[in-house]
Amino acid sequence: MLYALEEPDCETLGAQVLKVFDGDGFLARASIPPRGVEVEFAVRCGFIDAPEMQQPGGEEARAFLDQQIGGQWLDLGLLIKMDTGGMVDRHRRIVAVPYLWSDPQGWRNIELEMILNGWAWLLERYCPPDHYFGAFEDARRKRRGIWARGDNIHPGRFKSHVHRKKTQQGRSLSPQAELFAAIERRCPQVGCNGHLVERSGRFGTFYGCSKFPNCRFARSSH
């Protein structure tokens, strides 16, 4: 077990973990003092992408995260999502970096620990801090966690494969769903009439504008 000792350097929200969904997401509860109420919400780690639960390593990644934060109180370093412009992503999850205070270690960056111990990919397109890249390369080089396997597939690519397989099995989209999908593929950059296409980067797949390099819009495939 490798620790990532790091203090929060941004605005945080205190919350208790209720349930760990997978290696990069969990359900949490927080109090809203001005209103005197408690709310439950899903949290998505900001800079990592753990294996899907159907992938090799998915169950192990979830178990590792649950061992670190299950039932614990965290400080969530709130982030702005690139493709929504807010702290909530397209799936209505708060995007944050989870920090845990533990004795005797002190403050720990939990998502960075997921990378260091080899249980998550790095989301390059969201511009993670520089030291995340070093941690990612170190985990791969020393074959920790999922990197002990030689056939790892990026979670985004895995989901695309599953989607294509379902379509080939006859589960095609309805006309309305196809229309919404076409709208979703349009480049959101103001004044651009391009569409988003899947591309490959150093750390996996992402969606970029078909008008590149005239338009440099990009977002994660996750």
# chains A, B, ... in the order shown; residues from 1 in each chain; ligands from 1
>>> residues_around(residues="Asn109 of chain A", least_positions_apart="2", cutoff="7 Å", atoms="only C-alpha atoms", output="JSON, numbers by chain")
{"A": [4, 5, 6, 98, 99, 100, 107, 111, 112, 113]}
>>> write_last_selection(atoms="C-alpha atoms", output="mmCIF file, in the first residue's frame")
data_model
loop_
_atom_site.group_PDB
_atom_site.id
_atom_site.type_symbol
_atom_site.label_atom_id
_atom_site.label_comp_id
_atom_site.auth_asym_id
_atom_site.auth_seq_id
_atom_site.Cartn_x
_atom_site.Cartn_y
_atom_site.Cartn_z
ATOM 1 C CA ALA A 4 -0.116 9.917 -1.419
ATOM 2 C CA LEU A 5 0.416 12.528 1.284
ATOM 3 C CA GLU A 6 -1.085 15.779 0.043
ATOM 4 C CA PRO A 98 -11.314 13.076 -2.307
ATOM 5 C CA TYR A 99 -8.964 13.797 0.587
ATOM 6 C CA LEU A 100 -8.859 11.738 3.796
ATOM 7 C CA TRP A 107 -3.866 14.263 4.677
ATOM 8 C CA GLU A 111 -7.485 9.308 -6.149
ATOM 9 C CA LEU A 112 -3.719 9.730 -6.413
ATOM 10 C CA GLU A 113 -3.375 6.616 -4.239
#
>>> select_by_dssp(residues="segment 22-221 of chain A", states="strand (DSSP E or B)", output="mmCIF file with N, CA and C atoms, in the first residue's frame")
data_model
loop_
_atom_site.group_PDB
_atom_site.id
_atom_site.type_symbol
_atom_site.label_atom_id
_atom_site.label_comp_id
_atom_site.auth_asym_id
_atom_site.auth_seq_id
_atom_site.Cartn_x
_atom_site.Cartn_y
_atom_site.Cartn_z
ATOM 1 N N GLY A 25 -16.000 6.098 -8.174
ATOM 2 C CA GLY A 25 -17.244 6.771 -7.830
ATOM 3 C C GLY A 25 -17.866 6.234 -6.556
ATOM 4 N N PHE A 26 -18.590 7.119 -5.836
ATOM 5 C CA PHE A 26 -19.204 6.691 -4.581
ATOM 6 C C PHE A 26 -20.377 7.605 -4.234
ATOM 7 N N LEU A 27 -21.198 7.125 -3.317
ATOM 8 C CA LEU A 27 -22.323 7.896 -2.795
ATOM 9 C C LEU A 27 -21.899 8.534 -1.480
ATOM 10 N N ALA A 28 -22.248 9.806 -1.306
ATOM 11 C CA ALA A 28 -21.839 10.525 -0.095
ATOM 12 C C ALA A 28 -23.015 11.320 0.460
ATOM 13 N N ARG A 29 -22.841 11.763 1.713
ATOM 14 C CA ARG A 29 -23.855 12.581 2.381
ATOM 15 C C ARG A 29 -23.174 13.779 3.026
ATOM 16 N N ALA A 30 -23.778 14.940 2.887
ATOM 17 C CA ALA A 30 -23.217 16.164 3.466
ATOM 18 C C ALA A 30 -24.330 17.013 4.059
ATOM 19 N N SER A 31 -23.962 17.828 5.038
ATOM 20 C CA SER A 31 -24.911 18.755 5.657
ATOM 21 C C SER A 31 -24.832 20.107 4.976
ATOM 22 N N ILE A 32 -25.982 20.750 4.834
ATOM 23 C CA ILE A 32 -26.061 22.107 4.281
ATOM 24 C C ILE A 32 -26.492 23.026 5.416
ATOM 25 N N VAL A 37 -30.261 20.927 6.503
ATOM 26 C CA VAL A 37 -30.663 19.641 5.933
ATOM 27 C C VAL A 37 -29.425 18.851 5.519
ATOM 28 N N GLU A 38 -29.621 17.545 5.337
ATOM 29 C CA GLU A 38 -28.576 16.683 4.810
ATOM 30 C C GLU A 38 -28.983 16.200 3.428
ATOM 31 N N VAL A 39 -28.008 16.114 2.527
ATOM 32 C CA VAL A 39 -28.298 15.671 1.165
ATOM 33 C C VAL A 39 -27.348 14.530 0.796
ATOM 34 N N GLU A 40 -27.856 13.626 -0.034
ATOM 35 C CA GLU A 40 -27.037 12.548 -0.568
ATOM 36 C C GLU A 40 -26.768 12.826 -2.044
ATOM 37 N N PHE A 41 -25.560 12.487 -2.504
ATOM 38 C CA PHE A 41 -25.193 12.773 -3.878
ATOM 39 C C PHE A 41 -24.082 11.823 -4.316
ATOM 40 N N ALA A 42 -23.997 11.600 -5.615
ATOM 41 C CA ALA A 42 -22.935 10.774 -6.184
ATOM 42 C C ALA A 42 -21.708 11.634 -6.443
ATOM 43 N N VAL A 43 -20.541 11.055 -6.242
ATOM 44 C CA VAL A 43 -19.270 11.742 -6.461
ATOM 45 C C VAL A 43 -18.468 10.969 -7.500
ATOM 46 N N ARG A 44 -17.881 11.691 -8.436
ATOM 47 C CA ARG A 44 -16.987 11.111 -9.453
ATOM 48 C C ARG A 44 -15.598 11.681 -9.240
ATOM 49 N N CYS A 45 -14.588 10.820 -9.058
ATOM 50 C CA CYS A 45 -13.214 11.307 -8.916
ATOM 51 C C CYS A 45 -12.821 12.082 -10.178
ATOM 52 N N ILE A 48 -9.243 10.437 -12.551
ATOM 53 C CA ILE A 48 -8.930 9.028 -12.769
ATOM 54 C C ILE A 48 -10.090 8.297 -13.438
ATOM 55 N N ASP A 49 -9.771 7.155 -14.029
ATOM 56 C CA ASP A 49 -10.757 6.306 -14.680
ATOM 57 C C ASP A 49 -10.417 4.858 -14.315
ATOM 58 N N TRP A 73 -15.267 9.958 6.670
ATOM 59 C CA TRP A 73 -15.538 11.365 6.356
ATOM 60 C C TRP A 73 -14.390 11.892 5.506
ATOM 61 N N LEU A 74 -14.737 12.517 4.402
ATOM 62 C CA LEU A 74 -13.750 13.051 3.470
ATOM 63 C C LEU A 74 -13.892 14.552 3.337
ATOM 64 N N ASP A 75 -12.828 15.178 2.850
ATOM 65 C CA ASP A 75 -12.902 16.544 2.347
ATOM 66 C C ASP A 75 -12.839 16.435 0.834
ATOM 67 N N LEU A 76 -13.869 16.891 0.157
ATOM 68 C CA LEU A 76 -13.934 16.806 -1.293
ATOM 69 C C LEU A 76 -13.439 18.104 -1.925
ATOM 70 N N GLY A 77 -12.321 18.021 -2.651
ATOM 71 C CA GLY A 77 -11.807 19.171 -3.379
ATOM 72 C C GLY A 77 -12.614 19.344 -4.653
ATOM 73 N N LEU A 78 -13.496 20.330 -4.690
ATOM 74 C CA LEU A 78 -14.451 20.493 -5.795
ATOM 75 C C LEU A 78 -13.767 21.002 -7.052
ATOM 76 N N VAL A 88 -20.831 19.663 -11.590
ATOM 77 C CA VAL A 88 -21.625 18.459 -11.811
ATOM 78 C C VAL A 88 -21.440 18.008 -13.254
ATOM 79 N N ILE A 94 -21.215 15.013 -8.641
ATOM 80 C CA ILE A 94 -20.249 16.039 -8.270
ATOM 81 C C ILE A 94 -18.850 15.524 -8.599
ATOM 82 N N VAL A 95 -18.050 16.358 -9.231
ATOM 83 C CA VAL A 95 -16.691 15.982 -9.622
ATOM 84 C C VAL A 95 -15.722 16.567 -8.595
ATOM 85 N N ALA A 96 -14.905 15.705 -8.004
ATOM 86 C CA ALA A 96 -14.060 16.170 -6.903
ATOM 87 C C ALA A 96 -12.854 15.266 -6.722
ATOM 88 N N VAL A 97 -11.865 15.804 -6.018
ATOM 89 C CA VAL A 97 -10.714 15.022 -5.556
ATOM 90 C C VAL A 97 -10.949 14.706 -4.087
ATOM 91 N N PRO A 98 -11.051 13.425 -3.713
ATOM 92 C CA PRO A 98 -11.314 13.076 -2.307
ATOM 93 C C PRO A 98 -10.036 13.062 -1.468
ATOM 94 N N TYR A 99 -10.079 13.770 -0.360
ATOM 95 C CA TYR A 99 -8.964 13.797 0.587
ATOM 96 C C TYR A 99 -9.421 13.195 1.911
ATOM 97 N N LEU A 100 -8.553 12.401 2.524
ATOM 98 C CA LEU A 100 -8.859 11.738 3.796
ATOM 99 C C LEU A 100 -7.786 12.067 4.819
ATOM 100 N N TRP A 101 -8.221 12.440 6.023
ATOM 101 C CA TRP A 101 -7.274 12.626 7.124
ATOM 102 C C TRP A 101 -7.181 11.325 7.900
ATOM 103 N N SER A 102 -5.985 10.805 8.049
ATOM 104 C CA SER A 102 -5.810 9.576 8.810
ATOM 105 C C SER A 102 -4.524 9.659 9.623
ATOM 106 N N GLY A 106 -1.636 11.660 8.072
ATOM 107 C CA GLY A 106 -2.057 13.031 7.800
ATOM 108 C C GLY A 106 -2.989 13.053 6.596
ATOM 109 N N TRP A 107 -2.987 14.143 5.846
ATOM 110 C CA TRP A 107 -3.866 14.263 4.677
ATOM 111 C C TRP A 107 -3.383 13.345 3.562
ATOM 112 N N ARG A 108 -4.345 12.637 2.957
ATOM 113 C CA ARG A 108 -4.045 11.732 1.841
ATOM 114 C C ARG A 108 -4.933 12.061 0.646
ATOM 115 N N ASN A 109 -4.339 12.101 -0.532
ATOM 116 C CA ASN A 109 -5.075 12.274 -1.778
ATOM 117 C C ASN A 109 -5.480 10.874 -2.256
ATOM 118 N N TRP A 121 -6.600 4.327 -14.416
ATOM 119 C CA TRP A 121 -5.981 5.064 -15.504
ATOM 120 C C TRP A 121 -6.012 6.549 -15.167
ATOM 121 N N LEU A 122 -5.244 7.314 -15.879
ATOM 122 C CA LEU A 122 -5.204 8.761 -15.707
ATOM 123 C C LEU A 122 -5.998 9.418 -16.821
ATOM 124 N N ARG A 186 -22.408 16.818 -31.907
ATOM 125 C CA ARG A 186 -22.013 18.114 -32.447
ATOM 126 C C ARG A 186 -20.961 18.760 -31.549
ATOM 127 N N HIS A 195 -18.048 17.981 -35.751
ATOM 128 C CA HIS A 195 -18.653 16.980 -34.881
ATOM 129 C C HIS A 195 -17.546 16.244 -34.128
ATOM 130 N N LEU A 196 -17.909 15.611 -33.013
ATOM 131 C CA LEU A 196 -16.927 14.947 -32.170
ATOM 132 C C LEU A 196 -16.629 13.549 -32.697
ATOM 133 N N VAL A 197 -15.351 13.230 -32.778
ATOM 134 C CA VAL A 197 -14.904 11.916 -33.234
ATOM 135 C C VAL A 197 -13.963 11.327 -32.187
ATOM 136 N N GLU A 198 -13.936 10.019 -32.100
ATOM 137 C CA GLU A 198 -13.082 9.347 -31.113
ATOM 138 C C GLU A 198 -11.631 9.367 -31.579
ATOM 139 N N ARG A 199 -10.752 9.747 -30.685
ATOM 140 C CA ARG A 199 -9.328 9.776 -30.972
ATOM 141 C C ARG A 199 -8.575 9.054 -29.858
ATOM 142 N N SER A 200 -7.329 8.761 -30.093
ATOM 143 C CA SER A 200 -6.488 8.100 -29.101
ATOM 144 C C SER A 200 -5.398 9.042 -28.630
ATOM 145 N N GLY A 201 -5.207 9.106 -27.306
ATOM 146 C CA GLY A 201 -4.150 9.918 -26.714
ATOM 147 C C GLY A 201 -3.173 9.044 -25.965
ATOM 148 N N GLY A 204 -5.204 6.917 -23.411
ATOM 149 C CA GLY A 204 -6.482 6.324 -23.781
ATOM 150 C C GLY A 204 -7.252 7.156 -24.775
ATOM 151 N N THR A 205 -8.532 6.847 -24.918
ATOM 152 C CA THR A 205 -9.360 7.504 -25.918
ATOM 153 C C THR A 205 -9.992 8.780 -25.390
ATOM 154 N N PHE A 206 -10.327 9.683 -26.289
ATOM 155 C CA PHE A 206 -11.057 10.899 -25.971
ATOM 156 C C PHE A 206 -11.801 11.332 -27.230
ATOM 157 N N TYR A 207 -12.678 12.321 -27.085
ATOM 158 C CA TYR A 207 -13.413 12.848 -28.230
ATOM 159 C C TYR A 207 -12.870 14.228 -28.589
ATOM 160 N N GLY A 208 -12.516 14.401 -29.854
ATOM 161 C CA GLY A 208 -12.016 15.675 -30.347
ATOM 162 C C GLY A 208 -12.830 16.144 -31.539
ATOM 163 N N CYS A 209 -12.725 17.418 -31.833
ATOM 164 C CA CYS A 209 -13.498 17.996 -32.935
ATOM 165 C C CYS A 209 -12.918 17.549 -34.283
ATOM 166 N N ALA A 218 -12.008 19.324 -26.939
ATOM 167 C CA ALA A 218 -11.837 17.899 -26.642
ATOM 168 C C ALA A 218 -12.459 17.611 -25.293
ATOM 169 N N ARG A 219 -12.933 16.386 -25.142
ATOM 170 C CA ARG A 219 -13.447 15.931 -23.843
ATOM 171 C C ARG A 219 -13.178 14.439 -23.705
ATOM 172 N N SER A 220 -13.235 13.972 -22.454
ATOM 173 C CA SER A 220 -12.976 12.564 -22.188
ATOM 174 C C SER A 220 -14.063 11.689 -22.783
#
>>> select_by_dssp(residues="chain A", states="alpha helix (DSSP H)", output="PyMOL selection string")
chain A and resi 58-69+110-116+130-141+155-168+175-185
>>> residues_around(residues="Gly70 of chain A", least_positions_apart="5", cutoff="9 Å", atoms="only C-alpha atoms", output="ChimeraX atom specification")
/A:16-20,65
>>> atom_distance(atom1="atom CA of Glu59 of chain A", atom2="atom CA of Leu2 of chain A")
19.3 Å
>>> closest_residue(among="A:Pro213, A:Cys127, A:Gly46, A:Lys159", to="Asp89 of chain A", atoms="only C-alpha atoms")
A:Gly46
>>> closest_atom_pairs(of="segment 2-119 of chain A", to="segment 129-144 of chain A", cutoff="6 Å", atoms="only C-alpha atoms", output="CSV")
residue,atom,partner,partner_atom,distance
A:Ile115,CA,A:Phe136,CA,5.6
A:Leu116,CA,A:Ala135,CA,5.3
A:Asn117,CA,A:Arg144,CA,5.8
A:Gly118,CA,A:Arg144,CA,4.7
>>> write_last_selection(atoms="all heavy atoms", output="CSV table (one decimal), in the first residue's frame")
chain,number,residue,atom,x,y,z
A,115,ILE,N,-4.0,5.7,-8.3
A,115,ILE,CA,-3.1,5.7,-9.4
A,115,ILE,C,-1.8,5.0,-9.0
A,115,ILE,O,-1.3,4.1,-9.7
A,115,ILE,CB,-2.8,7.1,-9.9
A,115,ILE,CG1,-4.0,7.7,-10.5
A,115,ILE,CG2,-1.7,7.1,-11.0
A,115,ILE,CD1,-3.9,9.2,-10.9
A,116,LEU,N,-1.2,5.4,-7.9
A,116,LEU,CA,0.0,4.9,-7.4
A,116,LEU,C,0.0,3.4,-7.2
A,116,LEU,O,1.0,2.7,-7.5
A,116,LEU,CB,0.4,5.6,-6.0
A,116,LEU,CG,1.1,6.9,-6.1
A,116,LEU,CD1,1.2,7.5,-4.7
A,116,LEU,CD2,2.5,6.7,-6.7
A,117,ASN,N,-1.1,2.9,-6.7
A,117,ASN,CA,-1.2,1.5,-6.4
A,117,ASN,C,-1.7,0.7,-7.6
A,117,ASN,O,-2.0,-0.5,-7.5
A,117,ASN,CB,-2.1,1.3,-5.2
A,117,ASN,CG,-1.5,1.7,-3.9
A,117,ASN,OD1,-0.7,1.0,-3.3
A,117,ASN,ND2,-1.8,2.9,-3.4
A,118,GLY,N,-1.9,1.3,-8.7
A,118,GLY,CA,-2.2,0.6,-10.0
A,118,GLY,C,-3.6,0.2,-10.2
A,118,GLY,O,-3.9,-0.7,-10.9
>>> atom_distance(atom1="atom CA of Gln68 of chain A", atom2="atom CA of Arg157 of chain A")
27.3 Å
>>> atom_distance(atom1="atom CA of Gly57 of chain A", atom2="atom CA of Met114 of chain A")
12.3 Å
>>> closest_residue(among="A:Ile69, A:Leu79, A:Ile110, A:Ala61", to="Cys10 of chain A", atoms="only C-alpha atoms")
A:Leu79
>>> residues_around(residues="Cys192 of chain A", least_positions_apart="4", cutoff="10 Å", atoms="only C-alpha atoms", output="number ranges by chain")
A: 186-188, 209-211, 214-215, 217
